[in-house]
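Undergrad: File name my_file11.json; file contents JSON, C-alpha atoms; full text below.
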```
[["chain", "number", "residue", "atom", "x", "y", "z"],
["A", 1, "MET", "CA", 34.04, 28.72, -9.11],
["A", 2, "VAL", "CA", 30.70, 28.87, -10.93],
["A", 3, "ALA", "CA", 31.12, 25.28, -12.17],
["A", 4, "LEU", "CA", 32.05, 24.15, -8.68],
["A", 5, "SER", "CA", 29.00, 25.90, -7.22],
["A", 6, "VAL", "CA", 26.71, 24.25, -9.79],
["A", 7, "LYS", "CA", 28.17, 20.83, -9.04],
["A", 8, "LYS", "CA", 27.72, 21.43, -5.32],
["A", 9, "ASN", "CA", 24.09, 22.40, -5.79],
["A", 10, "LEU", "CA", 23.44, 19.38, -7.99],
["A", 11, "LEU", "CA", 25.02, 17.13, -5.38],
["A", 12, "ILE", "CA", 22.77, 18.63, -2.71],
["A", 13, "LEU", "CA", 19.67, 18.09, -4.83],
["A", 14, "VAL", "CA", 20.63, 14.48, -5.58],
["A", 15, "LEU", "CA", 21.29, 13.83, -1.90],
["A", 16, "VAL", "CA", 17.95, 15.36, -0.95],
["A", 17, "GLY", "CA", 16.27, 13.30, -3.62],
["A", 18, "ILE", "CA", 17.77, 10.14, -2.18],
["A", 19, "LEU", "CA", 16.75, 11.07, 1.35],
["A", 20, "ALA", "CA", 13.21, 11.95, 0.26],
["A", 21, "GLY", "CA", 12.78, 9.06, -2.14],
["A", 22, "PHE", "CA", 12.64, 11.19, -5.30],
["A", 23, "VAL", "CA", 15.35, 9.48, -7.32],
["A", 24, "PRO", "CA", 13.65, 6.92, -9.59],
["A", 25, "GLY", "CA", 14.82, 3.38, -9.02],
["A", 26, "TYR", "CA", 16.93, 4.27, -6.02],
["A", 27, "VAL", "CA", 17.00, 1.48, -3.47],
["A", 28, "LYS", "CA", 18.14, 2.38, 0.00],
["A", 29, "GLY", "CA", 20.46, -0.58, 0.43],
["A", 30, "GLN", "CA", 17.67, -3.12, -0.12],
["A", 31, "SER", "CA", 15.01, -3.70, -2.72],
["A", 32, "VAL", "CA", 11.44, -4.63, -1.77],
["A", 33, "ALA", "CA", 12.26, -8.17, -2.88],
["A", 34, "ASP", "CA", 15.15, -8.21, -0.40],
["A", 35, "ILE", "CA", 12.74, -7.26, 2.39],
["A", 36, "VAL", "CA", 9.75, -9.36, 1.38],
["A", 37, "THR", "CA", 11.69, -12.60, 1.35],
["A", 38, "GLN", "CA", 10.17, -16.01, 0.77],
["A", 39, "ASP", "CA", 10.54, -16.65, 4.51],
["A", 40, "PHE", "CA", 8.64, -13.43, 5.30],
["A", 41, "PHE", "CA", 5.86, -14.34, 2.88],
["A", 42, "ASN", "CA", 5.71, -17.93, 4.12],
["A", 43, "GLY", "CA", 5.51, -16.68, 7.69],
["A", 44, "ILE", "CA", 2.14, -15.19, 6.79],
["A", 45, "ILE", "CA", 0.61, -17.73, 4.43],
["A", 46, "ASN", "CA", 1.73, -20.75, 6.44],
["A", 47, "GLN", "CA", -0.65, -19.67, 9.20],
["A", 48, "ALA", "CA", -3.60, -20.23, 6.86],
["A", 49, "ASP", "CA", -5.35, -23.58, 7.06],
["A", 50, "ALA", "CA", -4.51, -26.09, 4.36],
["A", 51, "SER", "CA", -8.13, -25.98, 3.18],
["A", 52, "CYS", "CA", -7.97, -22.24, 2.45],
["A", 53, "ALA", "CA", -8.47, -21.30, -1.20],
["A", 54, "GLY", "CA", -5.82, -18.60, -0.92],
["A", 55, "LYS", "CA", -3.20, -21.09, 0.17],
["A", 56, "ASN", "CA", -2.79, -22.24, -3.43],
["A", 57, "PHE", "CA", -3.40, -18.83, -4.98],
["A", 58, "TYR", "CA", -1.30, -16.11, -3.34],
["A", 59, "THR", "CA", 2.43, -16.28, -4.03],
["A", 60, "ARG", "CA", 5.44, -14.09, -3.44],
["A", 61, "ALA", "CA", 6.18, -14.32, -7.16],
["A", 62, "GLY", "CA", 2.74, -12.91, -7.91],
["A", 63, "PHE", "CA", 3.40, -9.99, -5.56],
["A", 64, "LEU", "CA", 6.80, -9.27, -7.10],
["A", 65, "ASN", "CA", 5.38, -9.45, -10.63],
["A", 66, "ALA", "CA", 2.71, -6.93, -9.66],
["A", 67, "LEU", "CA", 5.35, -4.73, -8.05],
["A", 68, "ASN", "CA", 6.89, -4.13, -11.48],
["A", 69, "SER", "CA", 3.85, -1.97, -12.29],
["A", 70, "TYR", "CA", 4.00, -0.04, -9.00],
["A", 71, "ASN", "CA", 7.71, 0.22, -8.32],
["A", 72, "GLN", "CA", 7.39, 3.29, -6.08],
["A", 73, "PHE", "CA", 5.84, 1.09, -3.42],
["A", 74, "GLY", "CA", 8.27, 0.56, -0.54],
["A", 75, "ASN", "CA", 10.41, 3.43, -1.80],
["A", 76, "LEU", "CA", 10.08, 6.22, 0.73],
["A", 77, "GLY", "CA", 12.34, 8.75, 2.38],
["A", 78, "SER", "CA", 14.49, 6.33, 4.34],
["A", 79, "ALA", "CA", 15.11, 2.61, 4.66],
["A", 80, "ASP", "CA", 13.11, 2.57, 7.89],
["A", 81, "ASP", "CA", 10.13, 4.39, 6.37],
["A", 82, "SER", "CA", 10.19, 2.01, 3.42],
["A", 83, "LYS", "CA", 10.13, -0.98, 5.76],
["A", 84, "ARG", "CA", 7.27, 0.59, 7.70],
["A", 85, "GLU", "CA", 5.25, 0.96, 4.50],
["A", 86, "ILE", "CA", 5.87, -2.69, 3.61],
["A", 87, "ALA", "CA", 4.93, -3.79, 7.13],
["A", 88, "ALA", "CA", 1.76, -1.69, 6.98],
["A", 89, "PHE", "CA", 0.72, -3.09, 3.60],
["A", 90, "PHE", "CA", 1.15, -6.70, 4.69],
["A", 91, "ALA", "CA", -0.52, -6.02, 8.04],
["A", 92, "HIS", "CA", -3.67, -4.94, 6.22],
["A", 93, "VAL", "CA", -3.38, -7.81, 3.75],
["A", 94, "THR", "CA", -3.04, -10.27, 6.62],
["A", 95, "HIS", "CA", -6.11, -8.86, 8.31],
["A", 96, "GLU", "CA", -8.23, -8.65, 5.16],
["A", 97, "THR", "CA", -7.43, -12.17, 3.92],
["A", 98, "GLY", "CA", -6.90, -14.06, 7.17],
["A", 99, "HIS", "CA", -3.21, -14.75, 6.50],
["A", 100, "PHE", "CA", -3.87, -15.20, 2.76],
["A", 101, "CYS", "CA", -6.69, -17.66, 3.42],
["A", 102, "TYR", "CA", -9.46, -15.82, 1.58],
["A", 103, "ILE", "CA", -9.47, -14.74, -2.04],
["A", 104, "GLU", "CA", -13.05, -13.54, -1.99],
["A", 105, "GLU", "CA", -15.18, -11.86, 0.64],
["A", 106, "ILE", "CA", -17.21, -14.27, 2.76],
["A", 107, "ASN", "CA", -20.81, -14.15, 1.51],
["A", 108, "GLY", "CA", -19.70, -11.35, -0.78],
["A", 109, "ALA", "CA", -21.98, -12.39, -3.62],
["A", 110, "SER", "CA", -24.97, -11.54, -1.46],
["A", 111, "GLN", "CA", -23.76, -7.96, -0.97],
["A", 112, "ASP", "CA", -24.56, -4.99, -3.19],
["A", 113, "TYR", "CA", -21.43, -3.01, -4.04],
["A", 114, "CYS", "CA", -22.87, -1.18, -7.03],
["A", 115, "ASP", "CA", -22.81, 2.59, -6.78],
["A", 116, "GLU", "CA", -25.35, 3.51, -9.42],
["A", 117, "THR", "CA", -24.54, 7.20, -9.07],
["A", 118, "ASN", "CA", -21.07, 6.60, -10.50],
["A", 119, "THR", "CA", -21.42, 7.18, -14.22],
["A", 120, "GLN", "CA", -17.73, 6.93, -15.03],
["A", 121, "TYR", "CA", -17.66, 3.26, -14.09],
["A", 122, "PRO", "CA", -21.25, 2.02, -14.48],
["A", 123, "CYS", "CA", -22.05, -1.41, -13.07],
["A", 124, "ASN", "CA", -22.46, -4.39, -15.32],
["A", 125, "PRO", "CA", -25.80, -5.82, -14.08],
["A", 126, "ASN", "CA", -24.45, -9.35, -14.54],
["A", 127, "LYS", "CA", -21.37, -8.79, -12.38],
["A", 128, "LYS", "CA", -20.70, -8.46, -8.66],
["A", 129, "TYR", "CA", -18.16, -6.10, -7.15],
["A", 130, "PHE", "CA", -17.64, -7.67, -3.75],
["A", 131, "GLY", "CA", -14.29, -7.97, -2.00],
["A", 132, "ARG", "CA", -11.56, -9.83, -3.86],
["A", 133, "GLY", "CA", -7.79, -10.01, -3.60],
["A", 134, "PRO", "CA", -5.20, -9.06, -0.96],
["A", 135, "LEU", "CA", -7.00, -5.86, 0.07],
["A", 136, "GLN", "CA", -10.48, -7.13, -0.82],
["A", 137, "LEU", "CA", -11.21, -4.64, -3.60],
["A", 138, "THR", "CA", -14.87, -3.61, -3.55],
["A", 139, "TRP", "CA", -17.28, -1.34, -5.45],
["A", 140, "ASN", "CA", -17.67, -0.81, -9.17],
["A", 141, "TYR", "CA", -15.73, 2.47, -9.15],
["A", 142, "ASN", "CA", -12.69, 0.78, -7.63],
["A", 143, "TYR", "CA", -12.80, -2.13, -10.06],
["A", 144, "GLY", "CA", -13.18, 0.32, -12.93],
["A", 145, "ALA", "CA", -10.36, 2.61, -11.87],
["A", 146, "ALA", "CA", -8.02, -0.24, -10.96],
["A", 147, "GLY", "CA", -8.69, -1.87, -14.32],
["A", 148, "THR", "CA", -7.90, 1.37, -16.12],
["A", 149, "SER", "CA", -4.58, 1.61, -14.28],
["A", 150, "ILE", "CA", -3.69, -2.02, -14.88],
["A", 151, "GLY", "CA", -4.96, -2.17, -18.45],
["A", 152, "ILE", "CA", -7.70, -4.75, -17.93],
["A", 153, "ASP", "CA", -11.48, -4.31, -18.12],
["A", 154, "LEU", "CA", -12.21, -5.29, -14.53],
["A", 155, "LEU", "CA", -15.59, -3.61, -14.65],
["A", 156, "ASN", "CA", -16.78, -6.38, -16.94],
["A", 157, "SER", "CA", -14.52, -9.09, -15.55],
["A", 158, "PRO", "CA", -14.16, -8.46, -11.80],
["A", 159, "GLU", "CA", -13.64, -12.19, -11.23],
["A", 160, "THR", "CA", -10.17, -11.83, -12.74],
["A", 161, "VAL", "CA", -9.02, -10.42, -9.40],
["A", 162, "ALA", "CA", -9.78, -13.84, -7.90],
["A", 163, "THR", "CA", -8.26, -15.95, -10.70],
["A", 164, "ASP", "CA", -5.05, -14.16, -11.71],
["A", 165, "VAL", "CA", -2.66, -13.70, -8.80],
["A", 166, "THR", "CA", -0.60, -10.96, -10.46],
["A", 167, "VAL", "CA", -3.72, -8.96, -11.30],
["A", 168, "SER", "CA", -4.93, -9.57, -7.77],
["A", 169, "PHE", "CA", -1.80, -8.07, -6.24],
["A", 170, "LYS", "CA", -1.85, -5.26, -8.79],
["A", 171, "THR", "CA", -5.28, -4.20, -7.59],
["A", 172, "ALA", "CA", -4.01, -4.15, -4.01],
["A", 173, "LEU", "CA", -0.97, -2.09, -4.94],
["A", 174, "TRP", "CA", -3.12, 0.22, -7.06],
["A", 175, "PHE", "CA", -5.46, 0.81, -4.13],
["A", 176, "TRP", "CA", -2.54, 1.39, -1.79],
["A", 177, "MET", "CA", -0.69, 3.82, -4.03],
["A", 178, "THR", "CA", -3.90, 5.64, -4.99],
["A", 179, "ASN", "CA", -5.75, 5.82, -1.68],
["A", 180, "VAL", "CA", -3.33, 5.06, 1.14],
["A", 181, "ARG", "CA", 0.08, 6.41, 0.13],
["A", 182, "PRO", "CA", -1.23, 9.96, -0.52],
["A", 183, "VAL", "CA", -2.70, 10.08, 2.98],
["A", 184, "VAL", "CA", 0.46, 9.10, 4.80],
["A", 185, "SER", "CA", 2.82, 11.01, 2.50],
["A", 186, "GLN", "CA", 0.96, 14.29, 2.09],
["A", 187, "GLY", "CA", 4.07, 16.14, 3.25],
["A", 188, "PHE", "CA", 5.88, 15.47, -0.06],
["A", 189, "GLY", "CA", 4.45, 18.72, -1.43],
["A", 190, "ALA", "CA", 6.11, 20.68, 1.33],
["A", 191, "THR", "CA", 9.40, 18.94, 0.59],
["A", 192, "ILE", "CA", 9.16, 19.79, -3.09],
["A", 193, "ARG", "CA", 8.44, 23.41, -2.25],
["A", 194, "ALA", "CA", 11.49, 23.43, 0.00],
["A", 195, "ILE", "CA", 13.69, 22.06, -2.80],
["A", 196, "ASN", "CA", 12.57, 24.76, -5.20],
["A", 197, "GLY", "CA", 12.30, 27.53, -2.64],
["A", 198, "GLY", "CA", 15.76, 28.99, -3.10],
["A", 199, "ASN", "CA", 16.78, 28.31, 0.48],
["A", 200, "SER", "CA", 20.42, 27.28, 0.55],
["A", 201, "GLY", "CA", 19.93, 25.71, 3.97],
["A", 202, "ALA", "CA", 19.33, 22.58, 1.86],
["A", 203, "VAL", "CA", 19.63, 19.06, 3.17],
["A", 204, "GLN", "CA", 18.79, 19.27, 6.85],
["A", 205, "ALA", "CA", 15.86, 21.64, 6.37],
["A", 206, "ARG", "CA", 14.38, 19.43, 3.67],
["A", 207, "VAL", "CA", 14.78, 16.28, 5.69],
["A", 208, "GLN", "CA", 13.03, 18.01, 8.58],
["A", 209, "TYR", "CA", 10.12, 18.88, 6.30],
["A", 210, "TYR", "CA", 9.86, 15.25, 5.23],
["A", 211, "THR", "CA", 10.05, 13.88, 8.76],
["A", 212, "GLN", "CA", 7.56, 16.39, 10.10],
["A", 213, "TYR", "CA", 4.86, 15.63, 7.55],
["A", 214, "PHE", "CA", 5.34, 11.94, 6.80],
["A", 215, "VAL", "CA", 6.34, 10.25, 10.03],
["A", 216, "SER", "CA", 3.71, 12.07, 12.07],
["A", 217, "GLN", "CA", 0.87, 10.41, 10.13],
["A", 218, "GLY", "CA", 1.57, 6.93, 11.48],
["A", 219, "PHE", "CA", -0.08, 3.58, 10.87],
["A", 220, "GLY", "CA", -3.42, 4.90, 12.10],
["A", 221, "ALA", "CA", -3.74, 6.97, 8.92],
["A", 222, "THR", "CA", -3.55, 3.81, 6.80],
["A", 223, "ILE", "CA", -6.42, 2.25, 8.76],
["A", 224, "ARG", "CA", -8.47, 5.38, 8.23],
["A", 225, "ALA", "CA", -7.72, 5.32, 4.49],
["A", 226, "ILE", "CA", -8.70, 1.66, 4.11],
["A", 227, "ASN", "CA", -11.74, 1.29, 6.35],
["A", 228, "GLY", "CA", -11.90, 4.35, 8.56],
["A", 229, "ALA", "CA", -15.63, 4.99, 8.23],
["A", 230, "ILE", "CA", -16.39, 1.64, 9.84],
["A", 231, "GLU", "CA", -13.46, 1.04, 12.19],
["A", 232, "CYS", "CA", -12.08, 4.39, 13.36],
["A", 233, "ASN", "CA", -13.28, 6.71, 16.11],
["A", 234, "GLY", "CA", -14.45, 3.77, 18.21],
["A", 235, "GLY", "CA", -16.34, 2.08, 15.37],
["A", 236, "ASN", "CA", -14.58, -1.27, 15.77],
["A", 237, "PRO", "CA", -11.65, -1.06, 18.21],
["A", 238, "ASN", "CA", -11.00, -4.82, 18.12],
["A", 239, "THR", "CA", -10.44, -4.74, 14.36],
["A", 240, "VAL", "CA", -8.19, -1.71, 14.67],
["A", 241, "GLN", "CA", -6.16, -3.49, 17.33],
["A", 242, "SER", "CA", -5.87, -6.56, 15.09],
["A", 243, "ARG", "CA", -4.37, -4.46, 12.31],
["A", 244, "VAL", "CA", -2.01, -2.73, 14.73],
["A", 245, "GLN", "CA", -0.89, -6.07, 16.13],
["A", 246, "TYR", "CA", 0.07, -7.38, 12.70],
["A", 247, "TYR", "CA", 1.82, -4.12, 11.85],
["A", 248, "THR", "CA", 3.95, -4.09, 15.00],
["A", 249, "GLN", "CA", 4.74, -7.77, 14.49],
["A", 250, "TYR", "CA", 5.99, -7.18, 10.96],
["A", 251, "CYS", "CA", 7.92, -4.07, 11.98],
["A", 252, "ASN", "CA", 9.69, -6.19, 14.58],
["A", 253, "GLN", "CA", 10.48, -8.83, 11.97],
["A", 254, "LEU", "CA", 11.90, -6.18, 9.65],
["A", 255, "GLY", "CA", 13.91, -4.59, 12.44],
["A", 256, "VAL", "CA", 12.23, -1.20, 12.44],
["A", 257, "ALA", "CA", 10.35, 0.77, 15.12],
["A", 258, "PRO", "CA", 6.61, 1.06, 14.34],
["A", 259, "GLY", "CA", 6.48, 4.76, 15.14],
["A", 260, "ASP", "CA", 3.67, 6.72, 16.77],
["A", 261, "ASN", "CA", -0.02, 7.26, 16.02],
["A", 262, "LEU", "CA", -0.78, 3.58, 15.50],
["A", 263, "THR", "CA", -4.55, 3.73, 15.97],
["A", 264, "CYS", "CA", -7.38, 5.84, 14.62]]
```
Could you take the file, read its structure, and then write that structure out as structure tokens?
TA:
Amino acid sequence: MVALSVKKNLLILVLVGILAGFVPGYVKGQSVADIVTQDFFNGIINQADASCAGKNFYTRAGFLNALNSYNQFGNLGSADDSKREIAAFFAHVTHETGHFCYIEEINGASQDYCDETNTQYPCNPNKKYFGRGPLQLTWNYNYGAAGTSIGIDLLNSPETVATDVTVSFKTALWFWMTNVRPVVSQGFGATIRAINGGNSGAVQARVQYYTQYFVSQGFGATIRAINGAIECNGGNPNTVQSRVQYYTQYCNQLGVAPGDNLTC
């Protein structure tokens, strides 16, 4: 009976882990590569003008190569939530790059993105930290931290983000997993506490925790995490609406409801 009880509890924990996205490498029926098909990727980049620099730079292969370093991306509590995360990521990428048209920020070289108060990642006076890549990485502290994660000295070679497509997508995924994912998935802590809380009411209670804290955040939280200081709270409603439009479009393509709380 004891052995049976242990097996039952282990089965419950594994099931909860699957539902909450805690089992490493678990794919809920589809991998990210299955969802981000070549047709999906082409549907975005084909809208860029032939003269766009990004047209011959960004590739699905580059994205998938970068994904190997951030394989928790697109791996959330359910297949639908995973698709929503993918739709949200590519909505922001579409907006930031103009359908993969731009590699670098327009007139970025004329901008000053050096935070001299940041001593951990001091600026190289001969380098510029303007927007580059799928999410237009900016500021010395972001280049420094992204480079540390990736294993490349981007503080002294920020231009690599605009010349190596895999590195470029890695910086975008680093930013997403570091700055965006924690905002929209802050309920994971509550789920973990529920798993270890000794409550035998197991699966349903834990799924309710997950749904309550994650789903309620919505796409609007991702806008706030990426550019909230400028766009949210009425700062730039047209830009917010642009992001929402891409997100709902991609959700429709992936066959998933966009959810609530779309704006900020």
Undergrad: Out of A:Gln30, A:Ser157, A:Ser168, A:Gln120, which residue has the shortest atom-to-atom distance to Thr59 in chain A when counting all atoms listed in the file?
TA: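 Of A:Gln30, A:Ser157, A:Ser168, A:Gln120, the one nearest Thr59 in chain A, counting all atoms listed in the file, is A:Ser168.
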Undergrad: CA of Gly144 in chain A and CA of Tyr70 in chain A are how many Å apart?
TA: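 Interatomic distance here is 17.6 Å.
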Undergrad: Please compute the CA of Asn68 in chain A-CA of Ala145 in chain A distance, one decimal, in Å.
TA: 18.5 Å
Undergrad: From the options A:Phe63, A:Asn56, A:Val256, A:Thr239, which residue's atoms come nearest to Phe90 in chain A, counting only C-alpha atoms?
TA: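 The closest residue to Phe90 in chain A is A:Phe63.
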Undergrad: How many Å separate CA of Ala79 in chain A from CA of Gly228 in chain A?
TA: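 Between CA of Ala79 in chain A and CA of Gly228 in chain A the gap is 27.3 Å.
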Undergrad: Out of A:Gln72, A:Thr94, A:Asn124, A:Asn46, which residue has the shortest atom-to-atom distance to Trp139 in chain A when counting only C-alpha atoms?
TA: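 Using only C-alpha atoms, the shortest distance to Trp139 in chain A belongs to A:Asn124.
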Undergrad: Under the rule that all atoms listed in the file are counted, which of A:Ala50, A:Val36, A:Leu135, A:Ile150 is the nearest residue to Lys83 in chain A?
TA: A:Val36
Undergrad: How big is the axis-aligned box around the listed atoms of range 223-238 of chain A once 4 Å is added on each side, and where is its centre? Give both in Å to one decimal, as JSON.
TA:
```
{"center_x": -11.4, "center_y": 0.9, "center_z": 11.2, "size_x": 18.0, "size_y": 19.5, "size_z": 22.1}
```
Undergrad: Restricting the calculation to only C-alpha atoms, which member of A:Val161, A:Cys114, A:Ala88, A:Ala48 is positioned closest to Tyr250 in chain A?
TA: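 Going through A:Val161, A:Cys114, A:Ala88, A:Ala48 one by one, the smallest distance to Tyr250 in chain A is for A:Ala88.
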Undergrad: What's around Ile44 in chain A at 12 Å? Count all atoms listed in the file, leave out sequence neighbours fewer than 5 positions away in its own chain, and write the answer as a PyMOL selection string.
TA: chain A and resi 36-39+49+54-55+58-60+87+90-95+97-101+246+249-250+253
Undergrad: Go through A:Pro134, A:Cys264, A:Phe40, A:Asn252 and flag the residue nearest Asp80 in chain A, using only C-alpha atoms for the distances.
TA: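 Result for the nearest residue to Asp80 in chain A: A:Asn252.
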Undergrad: Which residues, written as a PyMOL selection string, have at least one atom at most 12 Å from Asn227 in chain A, with only C-alpha atoms counted and residues fewer than 4 positions away on the same chain left out?
TA: chain A and resi 92+95-96+135-138+179-180+220-223+231-233+235-236+239-240+243+264
Undergrad: Please list, as an MDAnalysis selection string, the residues that have an atom at most 9 Å away from (2.3, 5.3, 1.7) in the coordinates of this file, counting all atoms listed in the file.
TA: chainID A and resid 73:74 76 82 85:86 88:89 176:177 179:185 214 222
